[in-house]
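Step one of this worksheet: look at the structure below.
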Amino acid sequence: MHHVLISDPDLADNSLLNKMLRSELVNCTSDLEVLRKDPNSPLYSVKSFEALSLKPEILKGVYGMGFNAPSKIQETALPSLLAEPPQNMIAQSQSGTGKTAAFVLTMLSRVDTSLNYPQCLCLAPTYELALQIGHVVEQMSKYMTSLRMVYAVRGGMRVTRGQLIDPHIVIGTPGTVLDWSTKFKVFDLKKIRVFVLDEADVMIATQGHQDQSIRVQRGLSKDCQMLLFSATYDSQVMKFAQAVVPDPIVIRLRREEESLKNIKQFFIRCSSLQEKFHALSNIYGAISIGQSMIFCHTRKAASWLAEQMTRQGHAVGMLSGELAVEQRAAVIERFRSAKEKVLITTNVSARGIDVEQVTVVVNFDLPVNMKGEADCETYLHRIGRTGRFGKRGLAINMVDGSRSMAIMQVIERHFERTIQKLDPDDIDQVEALEEDS
DNA sequence: CTAATTT
């Protein structure tokens, strides 16, 4: 039945879509919390991509990516994302649950490829994340032959002041997008119909990219659909988000710690930097960890550690903001294709980066904020690089001294999950863990 | 120099 309907070109029509939504969809799942302006209006959930009456070429792209059925967040978010009139959304869902596909699907559904100007705009906090989102756009739009996309990132395409660009979708980092839209005027923010903020909490946080993201947002038309996605929003940021986004549907996980269920967390107590390095070197010397990411607090620490590990004979990659853009693309590509199994990095890779083979995350330095306090949001994002899509993962925290022990305990209490002690000399412990996970 | 962002 569905297939007959999909082949009908009229199905792109949203009034038909709405009819279908009302007749075929069931109530939303119980572990998501949904807040709306009018809590009495019906809310729908969808169990198949067919039920969304997507354009056939988009549906083909979705299946071509190996997606068979909507993920949990997609079940609830997609009907609202695609409904007419467009609705704004603030969505929270754990790492690796299909947020990117959800908003890319929305952009592709709303774009009109017969109009040769940008209609969808997506902002991400880093260069690597912008590339990753772009890859999802490319795959999902494989059968939309006339669709064009462009990256607005540092070191990317050069533009000329006043010379309008014609891609339909712009993916970029905040500074470059702001330059393109306001300084160079190569596209009109007023013509954007879907605006996506990925990793939205860090994009609007005072200590993050707030200025540039909000300046872009203020240039948008009143009726532009605004979508905010992230795995985490601290209460302040959520409050600000709700003040900035008009009448949003808010979809949140009821329990944050759900996302930690499949990740085993450990700590190793050390007394100095040298000791941390030796403990780390022991771990990597004794066992073959699939693929892993090691997070450091500073660029300097990351390049120092990479050098030390290399000297010890480990093949490692290093990624931080001190690299040139071309180098960054090369490093992430080598890591993705498992040419290098270990990536030593900073918070530049804490969010969003999706490399399926990553089974271990090491916090060589625990994440702290500007004030030197535990940064629980970043912790969750970092260890969320593993255990994606319900797979098991391992997180190892290197603790040196009482201050970092206190930081770890704050994190432990925040998530109400025990972080077990690991003896750095007892490698068998780790091996057993690895087999487990 | 916390990290990221600022073609």
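If you're wondering about the labels, chains in the structure tokens are A, B, ... by order shown, residues count from 1 in each chain, ligands from 1 in order shown.
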- Task: Any chance you could list, as a ChimeraX atom specification, the residues in range 382-422 of chain A that come up strand (DSSP E or B) when DSSP is run on the backbone?
- Result: /A:393-400,420-421
Take the residues from that selection and write them out as a CSV table (one decimal), in the first residue's frame, keeping C-alpha atoms.
chain,number,residue,atom,x,y,z
A,393,GLY,CA,32.2,1.1,25.0
A,394,LEU,CA,34.9,1.7,27.4
A,395,ALA,CA,36.0,5.0,29.1
A,396,ILE,CA,39.2,5.3,31.0
A,397,ASN,CA,39.9,8.4,33.0
A,398,MET,CA,43.4,9.4,34.1
A,399,VAL,CA,43.4,11.1,37.4
A,400,ASP,CA,46.4,12.9,38.8
A,420,GLN,CA,35.6,1.9,38.9
A,421,LYS,CA,39.2,2.1,40.0
- DSSP alpha helix (DSSP H) residues within range 332-372 of chain A, as number ranges by chain: A: 332-336
- Message: With only C-alpha atoms (C1' of nucleotides) considered, list every residue of chain A at most 6 Å from chain B, as a PyMOL selection string.
- Response: chain A and resi 154-155+158+175+347
- Message: So that I can see what lies close to Ser404 in chain A, please list as a list in words the residues with an atom at most 12 Å from it, counting only C-alpha atoms (C1' of nucleotides) and leaving out residues fewer than 3 positions away in the same chain.
- Response: Phe267, Ile268, Arg269, Cys270, Ser271, Ser272, Asn363, Phe364, Asp365, Leu366, Pro367, Val368, Gly372, Glu373, Ala374, Asp375, Asn397, Met398, Val399, Asp400, Gly401, Ile407, Met408, Gln409, Val410 and Ile411 of chain A
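The space between CA of Glu416 in chain A and CA of Lys371 in chain A spans 22.8 Å.
The two atoms in question, CA of Gln308 in chain A and CA of Leu129 in chain A, are spaced 27.6 Å apart.
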- Query: Contacts of range 114-126 of chain A at 7 Å or less, counting only C-alpha atoms (C1' of nucleotides), minus same-chain residues fewer than 6 places along, as a list in words?
  - Reply: Met107, Ile165, Asp166, Pro167, His168, Ile169, Val170, Ile171, Gly172, Thr173, Pro174, Phe187, Lys191, Ile192, Arg193, Val194, Phe195, Val196, Leu197, Asp198, Glu199, Met203 and Val348 of chain A; DA4 of chain B
Write to file, as an mmCIF file, in the first residue's frame, the residues of the selection just made, with C-alpha atoms (C1' of nucleotides).
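Saved the output as out.cif:
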data_model
loop_
_atom_site.group_PDB
_atom_site.id
_atom_site.type_symbol
_atom_site.label_atom_id
_atom_site.label_comp_id
_atom_site.auth_asym_id
_atom_site.auth_seq_id
_atom_site.Cartn_x
_atom_site.Cartn_y
_atom_site.Cartn_z
ATOM 1 C CA MET A 107 16.447 20.087 4.957
ATOM 2 C CA ILE A 165 26.114 31.689 -4.736
ATOM 3 C CA ASP A 166 23.668 29.087 -6.042
ATOM 4 C CA PRO A 167 23.878 25.945 -3.829
ATOM 5 C CA HIS A 168 20.638 25.021 -2.052
ATOM 6 C CA ILE A 169 22.193 23.960 1.236
ATOM 7 C CA VAL A 170 24.977 25.699 3.177
ATOM 8 C CA ILE A 171 26.830 23.823 5.924
ATOM 9 C CA GLY A 172 29.358 25.767 7.893
ATOM 10 C CA THR A 173 31.025 27.101 10.982
ATOM 11 C CA PRO A 174 29.632 30.275 12.566
ATOM 12 C CA PHE A 187 23.361 34.741 0.077
ATOM 13 C CA LYS A 191 15.521 33.325 2.130
ATOM 14 C CA ILE A 192 16.590 30.510 4.462
ATOM 15 C CA ARG A 193 13.647 28.236 5.206
ATOM 16 C CA VAL A 194 15.360 25.708 7.493
ATOM 17 C CA PHE A 195 18.021 26.762 9.994
ATOM 18 C CA VAL A 196 19.792 24.013 11.952
ATOM 19 C CA LEU A 197 22.091 24.459 14.933
ATOM 20 C CA ASP A 198 23.948 21.228 15.532
ATOM 21 C CA GLU A 199 25.510 20.809 18.974
ATOM 22 C CA MET A 203 26.604 27.091 19.830
ATOM 23 C CA VAL A 348 37.735 19.907 19.016
ATOM 24 C "C1'" DA B 4 36.707 26.004 19.424
#
- Within 8 Å of Val136 in chain A, counting only C-alpha atoms (C1' of nucleotides), which residues qualify if same-chain residues fewer than 3 places away don't, as a ChimeraX atom specification? /A:100-101,104,132-133,139-140
